[in-house]
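Beneath this line is the structure, given in structure tokens, with notes to follow.
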Amino acid sequence: MIETIGYGVIRLPLISVRSEPADAAEMITQLLFGEHYRVLEISDNKKWVRIQNAADNYLGWIDKKQHYEISREYFDQISNTEYRICTDLFSPVFFQKKRLNITFGAVLPLLNNPLFRDEESLAFNGESKSLFQKLDAEALVEFAKKLQFSPYLWGGKSPLGIDCSGLTQLVYKVAGFDLPRDSSQQILEGKEVSFDETKAGDLAFFTNAEGKMNHVGMVVAPGEIIHASGYVRIDRLDTKGIFNDEQKVYTHTYFKLKRYLKE
């Protein structure tokens, strides 16, 4: 078990999580406003913090200047409280007399909580829902379509840039369900279903030319899938794979379907 040496919460619209403690290192994911994490290590030069995201246990490094320290008491409170989650693509919040433009999936702290005085200065008037409230497949499709045309970004998890598994994880999170961060982890969850049983909200997985599973998207209707490939787009889906009508080619080879919602 990895030792925890501290706790933190994101107090910027979003931050990059990197594979190594360096600005030039690969961005492996992002954390959004209100997400919280454990601190596991400080780099030798004291400029980077190794963290574990509380939501999905993902590990990586963040810039220490972007680290916002909180107490264990506050960390536990965030973990066990039904906060609100932003359902607008972008929305302003006023926090500690500063205006921030948060994104879809940001977690909003409680107001007027006497334990945590700094949270009392937050104001938010956008669209939101309860974090733990579980919605249906129709809501999953609605949320996914909000992100349509967002540019592809490796490691991204926001309307400003998102990757294929970031899209599926984020949409499920806002709808009230926890999915792992990467497609290689997501495929291990849920119930496998045959193609002729396809329903909206199912995740479809795809392989590359070498036969390795490397892509995921979400079914939005029979024969249609939303996925991040160049940008978040809706394409045709059949047992052969994803067909791109613009290019007139199959871009991804079908592998497997998984269902995560209870029937």
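How things are named: the first chain in the structure tokens is A, the next is B, and so on; residues count from 1 in each chain; ligands count from 1 in the order shown.
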Go through range 89-184 of chain A residue by residue and, counting only C-alpha atoms, keep those with an atom at most 9 Å from range 202-215 of chain A; for each kept residue give the shortest atom pair and its distance in Å to one decimal, ordered by chain and increasing number, as JSON lines.
{"residue": "A:Ala137", "atom": "CA", "partner": "A:Asp202", "partner_atom": "CA", "distance": 8.5}
{"residue": "A:Cys164", "atom": "CA", "partner": "A:His215", "partner_atom": "CA", "distance": 6.5}
{"residue": "A:Ser165", "atom": "CA", "partner": "A:His215", "partner_atom": "CA", "distance": 7.5}
{"residue": "A:Thr168", "atom": "CA", "partner": "A:Leu203", "partner_atom": "CA", "distance": 7.9}
{"residue": "A:Ser183", "atom": "CA", "partner": "A:His215", "partner_atom": "CA", "distance": 6.7}
{"residue": "A:Ser184", "atom": "CA", "partner": "A:Met213", "partner_atom": "CA", "distance": 7.5}
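Once Pro159 in chain A and its same-chain neighbours fewer than 2 positions away are set aside, A:Leu89, A:Leu147, A:Ser150, A:Gly161, A:Ile162 remain within 7 Å of it when counting only C-alpha atoms.
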_Give me, as an MDAnalysis selection string, all polymer residues having an atom no more than 9 Å from Lys173 in chain A, counting only C-alpha atoms and skipping those fewer than 6 positions away in the same chain._
chainID A and resid 105 131:132 179
Could you dump the residues just selected with all heavy atoms as a compact mmCIF listing (two decimals), in the first residue's frame?
# COMPACT_ATOMS: atom_id res chain seq x y z
N GLY A 105 -18.23 18.64 -15.67
CA GLY A 105 -17.65 17.63 -14.79
C GLY A 105 -16.94 18.16 -13.57
O GLY A 105 -16.49 17.39 -12.73
N LEU A 131 -23.87 14.83 -7.38
CA LEU A 131 -22.78 13.98 -7.84
C LEU A 131 -23.13 12.51 -7.82
O LEU A 131 -22.81 11.76 -8.75
CB LEU A 131 -21.54 14.24 -6.97
CG LEU A 131 -20.27 13.46 -7.29
CD1 LEU A 131 -19.80 13.76 -8.71
CD2 LEU A 131 -19.18 13.82 -6.30
N PHE A 132 -23.82 12.05 -6.78
CA PHE A 132 -24.12 10.63 -6.63
C PHE A 132 -25.42 10.20 -7.32
O PHE A 132 -25.72 9.01 -7.37
CB PHE A 132 -24.20 10.25 -5.15
CG PHE A 132 -22.93 10.47 -4.38
CD1 PHE A 132 -22.95 10.66 -2.99
CD2 PHE A 132 -21.70 10.50 -5.02
CE1 PHE A 132 -21.78 10.86 -2.28
CE2 PHE A 132 -20.53 10.70 -4.32
CZ PHE A 132 -20.56 10.88 -2.94
N LEU A 179 -16.16 5.05 -13.66
CA LEU A 179 -15.43 4.20 -14.58
C LEU A 179 -13.94 4.45 -14.39
O LEU A 179 -13.53 5.57 -14.06
CB LEU A 179 -15.79 4.53 -16.04
CG LEU A 179 -17.10 4.01 -16.62
CD1 LEU A 179 -17.17 4.37 -18.10
CD2 LEU A 179 -17.23 2.51 -16.45
I want to know what sits within 12 Å of Ile102 in chain A, based on only C-alpha atoms, with residues of the same chain fewer than 4 positions away left out; could you give that as a PDB file with all heavy atoms, in the first residue's frame?
ATOM      1  N   ILE A  10      -8.367  20.359  -6.283  1.00  0.00           N
ATOM      2  CA  ILE A  10      -8.091  21.236  -7.413  1.00  0.00           C
ATOM      3  C   ILE A  10      -8.869  22.536  -7.252  1.00  0.00           C
ATOM      4  O   ILE A  10     -10.096  22.526  -7.098  1.00  0.00           O
ATOM      5  CB  ILE A  10      -8.471  20.557  -8.749  1.00  0.00           C
ATOM      6  CG1 ILE A  10      -7.739  19.224  -8.884  1.00  0.00           C
ATOM      7  CG2 ILE A  10      -8.156  21.487  -9.926  1.00  0.00           C
ATOM      8  CD1 ILE A  10      -6.238  19.322  -8.808  1.00  0.00           C
ATOM      9  N   ARG A  11      -8.157  23.641  -7.316  1.00  0.00           N
ATOM     10  CA  ARG A  11      -8.763  24.961  -7.191  1.00  0.00           C
ATOM     11  C   ARG A  11      -8.433  25.840  -8.405  1.00  0.00           C
ATOM     12  O   ARG A  11      -8.434  27.050  -8.337  1.00  0.00           O
ATOM     13  CB  ARG A  11      -8.331  25.630  -5.878  1.00  0.00           C
ATOM     14  CG  ARG A  11      -9.045  25.043  -4.664  1.00  0.00           C
ATOM     15  CD  ARG A  11     -10.530  25.361  -4.731  1.00  0.00           C
ATOM     16  NE  ARG A  11     -11.309  24.753  -3.665  1.00  0.00           N
ATOM     17  CZ  ARG A  11     -12.114  23.727  -3.820  1.00  0.00           C
ATOM     18  NH1 ARG A  11     -12.209  23.131  -5.003  1.00  0.00           N
ATOM     19  NH2 ARG A  11     -12.828  23.275  -2.825  1.00  0.00           N
ATOM     20  N   LEU A  12      -8.136  25.185  -9.525  1.00  0.00           N
ATOM     21  CA  LEU A  12      -8.011  25.812 -10.830  1.00  0.00           C
ATOM     22  C   LEU A  12      -9.024  25.138 -11.764  1.00  0.00           C
ATOM     23  O   LEU A  12      -9.511  24.061 -11.445  1.00  0.00           O
ATOM     24  CB  LEU A  12      -6.586  25.649 -11.368  1.00  0.00           C
ATOM     25  CG  LEU A  12      -5.488  26.367 -10.574  1.00  0.00           C
ATOM     26  CD1 LEU A  12      -4.106  25.915 -11.044  1.00  0.00           C
ATOM     27  CD2 LEU A  12      -5.626  27.890 -10.695  1.00  0.00           C
ATOM     28  N   PRO A  13      -9.367  25.744 -12.900  1.00  0.00           N
ATOM     29  CA  PRO A  13     -10.351  25.120 -13.789  1.00  0.00           C
ATOM     30  C   PRO A  13      -9.981  23.689 -14.178  1.00  0.00           C
ATOM     31  O   PRO A  13     -10.847  22.813 -14.225  1.00  0.00           O
ATOM     32  CB  PRO A  13     -10.365  26.047 -15.005  1.00  0.00           C
ATOM     33  CG  PRO A  13     -10.005  27.389 -14.444  1.00  0.00           C
ATOM     34  CD  PRO A  13      -8.997  27.105 -13.369  1.00  0.00           C
ATOM     35  N   LEU A  14      -8.715  23.427 -14.461  1.00  0.00           N
ATOM     36  CA  LEU A  14      -8.219  22.076 -14.687  1.00  0.00           C
ATOM     37  C   LEU A  14      -6.702  22.115 -14.650  1.00  0.00           C
ATOM     38  O   LEU A  14      -6.092  23.172 -14.856  1.00  0.00           O
ATOM     39  CB  LEU A  14      -8.702  21.488 -16.011  1.00  0.00           C
ATOM     40  CG  LEU A  14      -8.071  21.966 -17.318  1.00  0.00           C
ATOM     41  CD1 LEU A  14      -8.417  20.996 -18.452  1.00  0.00           C
ATOM     42  CD2 LEU A  14      -8.528  23.354 -17.692  1.00  0.00           C
ATOM     43  N   ILE A  15      -6.075  20.975 -14.340  1.00  0.00           N
ATOM     44  CA  ILE A  15      -4.622  20.893 -14.325  1.00  0.00           C
ATOM     45  C   ILE A  15      -4.182  19.609 -15.014  1.00  0.00           C
ATOM     46  O   ILE A  15      -4.945  18.644 -15.114  1.00  0.00           O
ATOM     47  CB  ILE A  15      -4.042  20.948 -12.895  1.00  0.00           C
ATOM     48  CG1 ILE A  15      -4.409  19.696 -12.106  1.00  0.00           C
ATOM     49  CG2 ILE A  15      -4.487  22.204 -12.153  1.00  0.00           C
ATOM     50  CD1 ILE A  15      -3.623  19.556 -10.819  1.00  0.00           C
ATOM     51  N   LEU A  31      -7.117  16.736 -14.086  1.00  0.00           N
ATOM     52  CA  LEU A  31      -8.057  16.832 -12.978  1.00  0.00           C
ATOM     53  C   LEU A  31      -8.803  18.154 -13.102  1.00  0.00           C
ATOM     54  O   LEU A  31      -8.225  19.173 -13.483  1.00  0.00           O
ATOM     55  CB  LEU A  31      -7.338  16.760 -11.634  1.00  0.00           C
ATOM     56  CG  LEU A  31      -6.622  15.440 -11.319  1.00  0.00           C
ATOM     57  CD1 LEU A  31      -6.004  15.490  -9.924  1.00  0.00           C
ATOM     58  CD2 LEU A  31      -7.579  14.262 -11.417  1.00  0.00           C
ATOM     59  N   LEU A  32     -10.091  18.123 -12.773  1.00  0.00           N
ATOM     60  CA  LEU A  32     -10.952  19.286 -12.918  1.00  0.00           C
ATOM     61  C   LEU A  32     -11.199  19.941 -11.565  1.00  0.00           C
ATOM     62  O   LEU A  32     -10.998  19.334 -10.510  1.00  0.00           O
ATOM     63  CB  LEU A  32     -12.290  18.869 -13.533  1.00  0.00           C
ATOM     64  CG  LEU A  32     -12.230  18.065 -14.832  1.00  0.00           C
ATOM     65  CD1 LEU A  32     -13.645  17.754 -15.323  1.00  0.00           C
ATOM     66  CD2 LEU A  32     -11.437  18.788 -15.897  1.00  0.00           C
ATOM     67  N   PHE A  33     -11.659  21.174 -11.612  1.00  0.00           N
ATOM     68  CA  PHE A  33     -11.988  21.930 -10.404  1.00  0.00           C
ATOM     69  C   PHE A  33     -12.833  21.076  -9.463  1.00  0.00           C
ATOM     70  O   PHE A  33     -13.820  20.461  -9.863  1.00  0.00           O
ATOM     71  CB  PHE A  33     -12.754  23.199 -10.782  1.00  0.00           C
ATOM     72  CG  PHE A  33     -13.101  24.082  -9.618  1.00  0.00           C
ATOM     73  CD1 PHE A  33     -12.216  25.055  -9.191  1.00  0.00           C
ATOM     74  CD2 PHE A  33     -14.315  23.938  -8.963  1.00  0.00           C
ATOM     75  CE1 PHE A  33     -12.541  25.877  -8.112  1.00  0.00           C
ATOM     76  CE2 PHE A  33     -14.643  24.748  -7.886  1.00  0.00           C
ATOM     77  CZ  PHE A  33     -13.746  25.730  -7.457  1.00  0.00           C
ATOM     78  N   GLY A  34     -12.428  21.026  -8.194  1.00  0.00           N
ATOM     79  CA  GLY A  34     -13.195  20.314  -7.174  1.00  0.00           C
ATOM     80  C   GLY A  34     -12.809  18.871  -6.969  1.00  0.00           C
ATOM     81  O   GLY A  34     -13.220  18.259  -5.976  1.00  0.00           O
ATOM     82  N   GLU A  35     -12.015  18.282  -7.890  1.00  0.00           N
ATOM     83  CA  GLU A  35     -11.577  16.904  -7.684  1.00  0.00           C
ATOM     84  C   GLU A  35     -10.473  16.869  -6.633  1.00  0.00           C
ATOM     85  O   GLU A  35      -9.648  17.782  -6.552  1.00  0.00           O
ATOM     86  CB  GLU A  35     -11.102  16.300  -9.004  1.00  0.00           C
ATOM     87  CG  GLU A  35     -12.226  16.142 -10.016  1.00  0.00           C
ATOM     88  CD  GLU A  35     -11.835  15.290 -11.202  1.00  0.00           C
ATOM     89  OE1 GLU A  35     -10.915  15.678 -11.938  1.00  0.00           O
ATOM     90  OE2 GLU A  35     -12.470  14.240 -11.391  1.00  0.00           O
ATOM     91  N   ILE A  85     -22.301  18.612  -9.296  1.00  0.00           N
ATOM     92  CA  ILE A  85     -21.342  18.493 -10.383  1.00  0.00           C
ATOM     93  C   ILE A  85     -21.846  19.317 -11.559  1.00  0.00           C
ATOM     94  O   ILE A  85     -23.045  19.292 -11.877  1.00  0.00           O
ATOM     95  CB  ILE A  85     -21.111  17.015 -10.772  1.00  0.00           C
ATOM     96  CG1 ILE A  85     -19.969  16.884 -11.766  1.00  0.00           C
ATOM     97  CG2 ILE A  85     -22.370  16.347 -11.270  1.00  0.00           C
ATOM     98  CD1 ILE A  85     -19.462  15.460 -11.941  1.00  0.00           C
ATOM     99  N   CYS A  86     -20.974  20.067 -12.179  1.00  0.00           N
ATOM    100  CA  CYS A  86     -21.335  20.993 -13.246  1.00  0.00           C
ATOM    101  C   CYS A  86     -21.736  20.230 -14.506  1.00  0.00           C
ATOM    102  O   CYS A  86     -21.003  19.350 -14.972  1.00  0.00           O
ATOM    103  CB  CYS A  86     -20.159  21.925 -13.531  1.00  0.00           C
ATOM    104  SG  CYS A  86     -20.435  23.071 -14.901  1.00  0.00           S
ATOM    105  N   THR A  87     -22.889  20.571 -15.081  1.00  0.00           N
ATOM    106  CA  THR A  87     -23.337  19.947 -16.318  1.00  0.00           C
ATOM    107  C   THR A  87     -23.309  20.924 -17.496  1.00  0.00           C
ATOM    108  O   THR A  87     -23.696  20.553 -18.610  1.00  0.00           O
ATOM    109  CB  THR A  87     -24.753  19.358 -16.167  1.00  0.00           C
ATOM    110  OG1 THR A  87     -25.662  20.392 -15.764  1.00  0.00           O
ATOM    111  CG2 THR A  87     -24.765  18.255 -15.122  1.00  0.00           C
ATOM    112  N   ASP A  88     -22.880  22.161 -17.277  1.00  0.00           N
ATOM    113  CA  ASP A  88     -22.623  23.100 -18.368  1.00  0.00           C
ATOM    114  C   ASP A  88     -21.280  22.772 -19.005  1.00  0.00           C
ATOM    115  O   ASP A  88     -20.359  22.318 -18.316  1.00  0.00           O
ATOM    116  CB  ASP A  88     -22.570  24.543 -17.856  1.00  0.00           C
ATOM    117  CG  ASP A  88     -23.933  25.092 -17.484  1.00  0.00           C
ATOM    118  OD1 ASP A  88     -24.925  24.693 -18.127  1.00  0.00           O
ATOM    119  OD2 ASP A  88     -24.005  25.917 -16.558  1.00  0.00           O
ATOM    120  N   LEU A  89     -21.134  23.024 -20.304  1.00  0.00           N
ATOM    121  CA  LEU A  89     -19.822  22.861 -20.922  1.00  0.00           C
ATOM    122  C   LEU A  89     -18.805  23.773 -20.263  1.00  0.00           C
ATOM    123  O   LEU A  89     -17.691  23.364 -19.945  1.00  0.00           O
ATOM    124  CB  LEU A  89     -19.897  23.163 -22.424  1.00  0.00           C
ATOM    125  CG  LEU A  89     -20.269  22.027 -23.356  1.00  0.00           C
ATOM    126  CD1 LEU A  89     -20.125  22.476 -24.796  1.00  0.00           C
ATOM    127  CD2 LEU A  89     -19.444  20.778 -23.100  1.00  0.00           C
ATOM    128  N   PHE A  90     -19.186  25.043 -20.065  1.00  0.00           N
ATOM    129  CA  PHE A  90     -18.352  26.022 -19.379  1.00  0.00           C
ATOM    130  C   PHE A  90     -19.266  26.868 -18.510  1.00  0.00           C
ATOM    131  O   PHE A  90     -20.393  27.174 -18.904  1.00  0.00           O
ATOM    132  CB  PHE A  90     -17.620  26.939 -20.366  1.00  0.00           C
ATOM    133  CG  PHE A  90     -16.739  26.219 -21.349  1.00  0.00           C
ATOM    134  CD1 PHE A  90     -17.196  25.912 -22.615  1.00  0.00           C
ATOM    135  CD2 PHE A  90     -15.453  25.839 -20.994  1.00  0.00           C
ATOM    136  CE1 PHE A  90     -16.397  25.239 -23.519  1.00  0.00           C
ATOM    137  CE2 PHE A  90     -14.641  25.164 -21.887  1.00  0.00           C
ATOM    138  CZ  PHE A  90     -15.116  24.864 -23.150  1.00  0.00           C
ATOM    139  N   SER A  91     -18.779  27.235 -17.343  1.00  0.00           N
ATOM    140  CA  SER A  91     -19.584  28.072 -16.463  1.00  0.00           C
ATOM    141  C   SER A  91     -18.671  28.846 -15.524  1.00  0.00           C
ATOM    142  O   SER A  91     -17.687  28.294 -15.009  1.00  0.00           O
ATOM    143  CB  SER A  91     -20.551  27.210 -15.646  1.00  0.00           C
ATOM    144  OG  SER A  91     -21.411  28.027 -14.883  1.00  0.00           O
ATOM    145  N   PRO A  92     -18.958  30.128 -15.278  1.00  0.00           N
ATOM    146  CA  PRO A  92     -18.136  30.876 -14.328  1.00  0.00           C
ATOM    147  C   PRO A  92     -18.494  30.545 -12.888  1.00  0.00           C
ATOM    148  O   PRO A  92     -19.665  30.290 -12.562  1.00  0.00           O
ATOM    149  CB  PRO A  92     -18.483  32.336 -14.657  1.00  0.00           C
ATOM    150  CG  PRO A  92     -19.884  32.277 -15.187  1.00  0.00           C
ATOM    151  CD  PRO A  92     -19.989  30.958 -15.915  1.00  0.00           C
ATOM    152  N   VAL A  93     -17.502  30.495 -12.039  1.00  0.00           N
ATOM    153  CA  VAL A  93     -17.715  30.482 -10.592  1.00  0.00           C
ATOM    154  C   VAL A  93     -16.900  31.612  -9.995  1.00  0.00           C
ATOM    155  O   VAL A  93     -15.860  32.006 -10.548  1.00  0.00           O
ATOM    156  CB  VAL A  93     -17.293  29.146  -9.927  1.00  0.00           C
ATOM    157  CG1 VAL A  93     -18.141  28.003 -10.411  1.00  0.00           C
ATOM    158  CG2 VAL A  93     -15.830  28.864 -10.133  1.00  0.00           C
ATOM    159  N   PHE A  94     -17.378  32.140  -8.905  1.00  0.00           N
ATOM    160  CA  PHE A  94     -16.635  33.153  -8.173  1.00  0.00           C
ATOM    161  C   PHE A  94     -16.174  32.522  -6.867  1.00  0.00           C
ATOM    162  O   PHE A  94     -16.978  32.178  -6.014  1.00  0.00           O
ATOM    163  CB  PHE A  94     -17.511  34.389  -7.941  1.00  0.00           C
ATOM    164  CG  PHE A  94     -17.858  35.096  -9.216  1.00  0.00           C
ATOM    165  CD1 PHE A  94     -18.971  34.721  -9.956  1.00  0.00           C
ATOM    166  CD2 PHE A  94     -17.049  36.114  -9.707  1.00  0.00           C
ATOM    167  CE1 PHE A  94     -19.284  35.344 -11.152  1.00  0.00           C
ATOM    168  CE2 PHE A  94     -17.353  36.751 -10.899  1.00  0.00           C
ATOM    169  CZ  PHE A  94     -18.471  36.376 -11.623  1.00  0.00           C
ATOM    170  N   PHE A  95     -14.874  32.336  -6.768  1.00  0.00           N
ATOM    171  CA  PHE A  95     -14.297  31.623  -5.632  1.00  0.00           C
ATOM    172  C   PHE A  95     -13.196  32.465  -5.017  1.00  0.00           C
ATOM    173  O   PHE A  95     -12.241  32.857  -5.684  1.00  0.00           O
ATOM    174  CB  PHE A  95     -13.735  30.274  -6.101  1.00  0.00           C
ATOM    175  CG  PHE A  95     -13.072  29.485  -5.015  1.00  0.00           C
ATOM    176  CD1 PHE A  95     -13.815  28.935  -3.993  1.00  0.00           C
ATOM    177  CD2 PHE A  95     -11.698  29.309  -5.008  1.00  0.00           C
ATOM    178  CE1 PHE A  95     -13.213  28.214  -2.978  1.00  0.00           C
ATOM    179  CE2 PHE A  95     -11.083  28.583  -4.004  1.00  0.00           C
ATOM    180  CZ  PHE A  95     -11.848  28.036  -2.984  1.00  0.00           C
ATOM    181  N   ALA A 106     -16.825  19.486 -13.450  1.00  0.00           N
ATOM    182  CA  ALA A 106     -16.211  20.072 -12.250  1.00  0.00           C
ATOM    183  C   ALA A 106     -17.102  19.809 -11.034  1.00  0.00           C
ATOM    184  O   ALA A 106     -18.327  19.795 -11.130  1.00  0.00           O
ATOM    185  CB  ALA A 106     -16.004  21.567 -12.440  1.00  0.00           C
ATOM    186  N   VAL A 107     -16.467  19.600  -9.891  1.00  0.00           N
ATOM    187  CA  VAL A 107     -17.189  19.310  -8.652  1.00  0.00           C
ATOM    188  C   VAL A 107     -17.260  20.574  -7.814  1.00  0.00           C
ATOM    189  O   VAL A 107     -16.247  21.262  -7.609  1.00  0.00           O
ATOM    190  CB  VAL A 107     -16.492  18.181  -7.862  1.00  0.00           C
ATOM    191  CG1 VAL A 107     -17.220  17.915  -6.554  1.00  0.00           C
ATOM    192  CG2 VAL A 107     -16.437  16.909  -8.699  1.00  0.00           C
ATOM    193  N   LEU A 108     -18.449  20.887  -7.317  1.00  0.00           N
ATOM    194  CA  LEU A 108     -18.685  22.153  -6.608  1.00  0.00           C
ATOM    195  C   LEU A 108     -18.754  21.924  -5.114  1.00  0.00           C
ATOM    196  O   LEU A 108     -19.570  21.136  -4.638  1.00  0.00           O
ATOM    197  CB  LEU A 108     -19.980  22.780  -7.112  1.00  0.00           C
ATOM    198  CG  LEU A 108     -19.941  23.078  -8.614  1.00  0.00           C
ATOM    199  CD1 LEU A 108     -21.340  23.151  -9.183  1.00  0.00           C
ATOM    200  CD2 LEU A 108     -19.187  24.361  -8.862  1.00  0.00           C
ATOM    201  N   PHE A 124     -22.065  30.087  -7.646  1.00  0.00           N
ATOM    202  CA  PHE A 124     -22.234  29.359  -8.900  1.00  0.00           C
ATOM    203  C   PHE A 124     -23.703  29.394  -9.273  1.00  0.00           C
ATOM    204  O   PHE A 124     -24.565  29.063  -8.466  1.00  0.00           O
ATOM    205  CB  PHE A 124     -21.761  27.909  -8.736  1.00  0.00           C
ATOM    206  CG  PHE A 124     -22.076  27.023  -9.913  1.00  0.00           C
ATOM    207  CD1 PHE A 124     -21.320  27.092 -11.069  1.00  0.00           C
ATOM    208  CD2 PHE A 124     -23.130  26.118  -9.861  1.00  0.00           C
ATOM    209  CE1 PHE A 124     -21.597  26.283 -12.158  1.00  0.00           C
ATOM    210  CE2 PHE A 124     -23.414  25.292 -10.945  1.00  0.00           C
ATOM    211  CZ  PHE A 124     -22.640  25.382 -12.095  1.00  0.00           C
ATOM    212  N   ASN A 125     -24.002  29.799 -10.503  1.00  0.00           N
ATOM    213  CA  ASN A 125     -25.386  29.895 -10.943  1.00  0.00           C
ATOM    214  C   ASN A 125     -25.665  29.056 -12.191  1.00  0.00           C
ATOM    215  O   ASN A 125     -26.687  29.225 -12.835  1.00  0.00           O
ATOM    216  CB  ASN A 125     -25.753  31.363 -11.231  1.00  0.00           C
ATOM    217  CG  ASN A 125     -25.720  32.210  -9.976  1.00  0.00           C
ATOM    218  OD1 ASN A 125     -26.267  31.816  -8.942  1.00  0.00           O
ATOM    219  ND2 ASN A 125     -25.078  33.364 -10.049  1.00  0.00           N
ATOM    220  N   GLY A 126     -24.756  28.152 -12.531  1.00  0.00           N
ATOM    221  CA  GLY A 126     -24.922  27.353 -13.733  1.00  0.00           C
ATOM    222  C   GLY A 126     -25.751  26.111 -13.491  1.00  0.00           C
ATOM    223  O   GLY A 126     -26.343  25.903 -12.428  1.00  0.00           O
ATOM    224  N   GLU A 127     -25.783  25.239 -14.501  1.00  0.00           N
ATOM    225  CA  GLU A 127     -26.525  23.982 -14.417  1.00  0.00           C
ATOM    226  C   GLU A 127     -25.670  22.930 -13.703  1.00  0.00           C
ATOM    227  O   GLU A 127     -24.469  22.817 -13.945  1.00  0.00           O
ATOM    228  CB  GLU A 127     -26.885  23.479 -15.812  1.00  0.00           C
ATOM    229  CG  GLU A 127     -27.868  24.363 -16.563  1.00  0.00           C
ATOM    230  CD  GLU A 127     -29.245  24.368 -15.933  1.00  0.00           C
ATOM    231  OE1 GLU A 127     -29.669  23.294 -15.443  1.00  0.00           O
ATOM    232  OE2 GLU A 127     -29.891  25.436 -15.905  1.00  0.00           O
ATOM    233  N   SER A 128     -26.317  22.159 -12.824  1.00  0.00           N
ATOM    234  CA  SER A 128     -25.592  21.117 -12.094  1.00  0.00           C
ATOM    235  C   SER A 128     -26.560  20.033 -11.662  1.00  0.00           C
ATOM    236  O   SER A 128     -27.778  20.170 -11.796  1.00  0.00           O
ATOM    237  CB  SER A 128     -24.888  21.703 -10.866  1.00  0.00           C
ATOM    238  OG  SER A 128     -25.844  22.173  -9.922  1.00  0.00           O
ATOM    239  N   SER A 158     -11.613  17.397 -20.883  1.00  0.00           N
ATOM    240  CA  SER A 158     -12.478  18.570 -20.835  1.00  0.00           C
ATOM    241  C   SER A 158     -12.947  18.920 -22.241  1.00  0.00           C
ATOM    242  O   SER A 158     -12.408  18.407 -23.228  1.00  0.00           O
ATOM    243  CB  SER A 158     -11.740  19.760 -20.220  1.00  0.00           C
ATOM    244  OG  SER A 158     -11.013  20.479 -21.216  1.00  0.00           O
ATOM    245  N   PRO A 159     -13.940  19.817 -22.372  1.00  0.00           N
ATOM    246  CA  PRO A 159     -14.386  20.246 -23.701  1.00  0.00           C
ATOM    247  C   PRO A 159     -13.282  20.927 -24.512  1.00  0.00           C
ATOM    248  O   PRO A 159     -13.409  21.055 -25.732  1.00  0.00           O
ATOM    249  CB  PRO A 159     -15.518  21.233 -23.400  1.00  0.00           C
ATOM    250  CG  PRO A 159     -15.975  20.896 -22.022  1.00  0.00           C
ATOM    251  CD  PRO A 159     -14.763  20.419 -21.301  1.00  0.00           C
ATOM    252  N   LEU A 160     -12.219  21.365 -23.865  1.00  0.00           N
ATOM    253  CA  LEU A 160     -11.104  22.008 -24.555  1.00  0.00           C
ATOM    254  C   LEU A 160     -10.152  20.991 -25.182  1.00  0.00           C
ATOM    255  O   LEU A 160      -9.264  21.364 -25.960  1.00  0.00           O
ATOM    256  CB  LEU A 160     -10.324  22.900 -23.582  1.00  0.00           C
ATOM    257  CG  LEU A 160     -11.114  24.079 -23.001  1.00  0.00           C
ATOM    258  CD1 LEU A 160     -10.335  24.737 -21.874  1.00  0.00           C
ATOM    259  CD2 LEU A 160     -11.451  25.080 -24.093  1.00  0.00           C
TER     260      LEU A 160
END
Between CA of Met218 in chain A and CA of Gln247 in chain A lies a distance of 20.5 Å
As a ChimeraX atom specification, which residues of range 52-236 of chain A does DSSP assign to strand (DSSP E)? /A:52-53,59-63,69-70,84-86,90-95,98-103,107-108,123-124,128-130,157-158,161-162,191-193,203-207,213-221,224-229,231-236
Q. If you run DSSP on this backbone, which residues of range 76-226 of chain A come out as helix (DSSP H, G or I), and could you give them as a PyMOL selection string?
A. chain A and resi 76-80+117-121+137-146+164-174+183-186+195-197
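Straight-line separation from CA of Tyr68 in chain A to CA of Ala55 in chain A: 16.9 Å.
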Between A:Leu257, A:Ile42, A:Val232, A:Val249, smallest distance to Lys191 in chain A by only C-alpha atoms belongs to A:Leu257
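Across the structure, CA of Lys47 in chain A and CA of Gln30 in chain A are spaced 18.1 Å apart.
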TODO: Please provide as a PyMOL selection string all residues within 10 Å of range 2-5 of chain A, with the sequence filter that same-chain residues fewer than 6 positions apart are discarded (counting only C-alpha atoms).
DONE: chain A and resi 37-42+51-52
Export N, CA, C and O atoms of the chosen residues as an mmCIF file, in the first residue's frame?
data_model
loop_
_atom_site.group_PDB
_atom_site.id
_atom_site.type_symbol
_atom_site.label_atom_id
_atom_site.label_comp_id
_atom_site.auth_asym_id
_atom_site.auth_seq_id
_atom_site.Cartn_x
_atom_site.Cartn_y
_atom_site.Cartn_z
ATOM 1 N N TYR A 37 -7.483 14.572 -4.134
ATOM 2 C CA TYR A 37 -6.440 13.568 -4.339
ATOM 3 C C TYR A 37 -5.583 13.410 -3.086
ATOM 4 O O TYR A 37 -5.553 14.280 -2.199
ATOM 5 N N ARG A 38 -4.875 12.271 -3.041
ATOM 6 C CA ARG A 38 -3.888 12.019 -1.994
ATOM 7 C C ARG A 38 -2.502 12.436 -2.501
ATOM 8 O O ARG A 38 -2.200 12.267 -3.689
ATOM 9 N N VAL A 39 -1.684 12.926 -1.606
ATOM 10 C CA VAL A 39 -0.289 13.249 -1.935
ATOM 11 C C VAL A 39 0.573 12.083 -1.480
ATOM 12 O O VAL A 39 0.505 11.654 -0.324
ATOM 13 N N LEU A 40 1.396 11.560 -2.408
ATOM 14 C CA LEU A 40 2.217 10.390 -2.112
ATOM 15 C C LEU A 40 3.699 10.696 -2.012
ATOM 16 O O LEU A 40 4.439 9.978 -1.334
ATOM 17 N N GLU A 41 4.134 11.763 -2.664
ATOM 18 C CA GLU A 41 5.575 12.007 -2.762
ATOM 19 C C GLU A 41 5.820 13.428 -3.243
ATOM 20 O O GLU A 41 5.016 13.988 -3.991
ATOM 21 N N ILE A 42 6.918 14.014 -2.810
ATOM 22 C CA ILE A 42 7.397 15.296 -3.325
ATOM 23 C C ILE A 42 8.695 15.039 -4.078
ATOM 24 O O ILE A 42 9.557 14.285 -3.602
ATOM 25 N N ILE A 51 0.655 12.352 -7.010
ATOM 26 C CA ILE A 51 -0.681 12.266 -6.421
ATOM 27 C C ILE A 51 -1.396 11.007 -6.884
ATOM 28 O O ILE A 51 -1.034 10.376 -7.880
ATOM 29 N N GLN A 52 -2.443 10.663 -6.136
ATOM 30 C CA GLN A 52 -3.364 9.599 -6.526
ATOM 31 C C GLN A 52 -4.769 10.174 -6.488
ATOM 32 O O GLN A 52 -5.252 10.598 -5.434
#
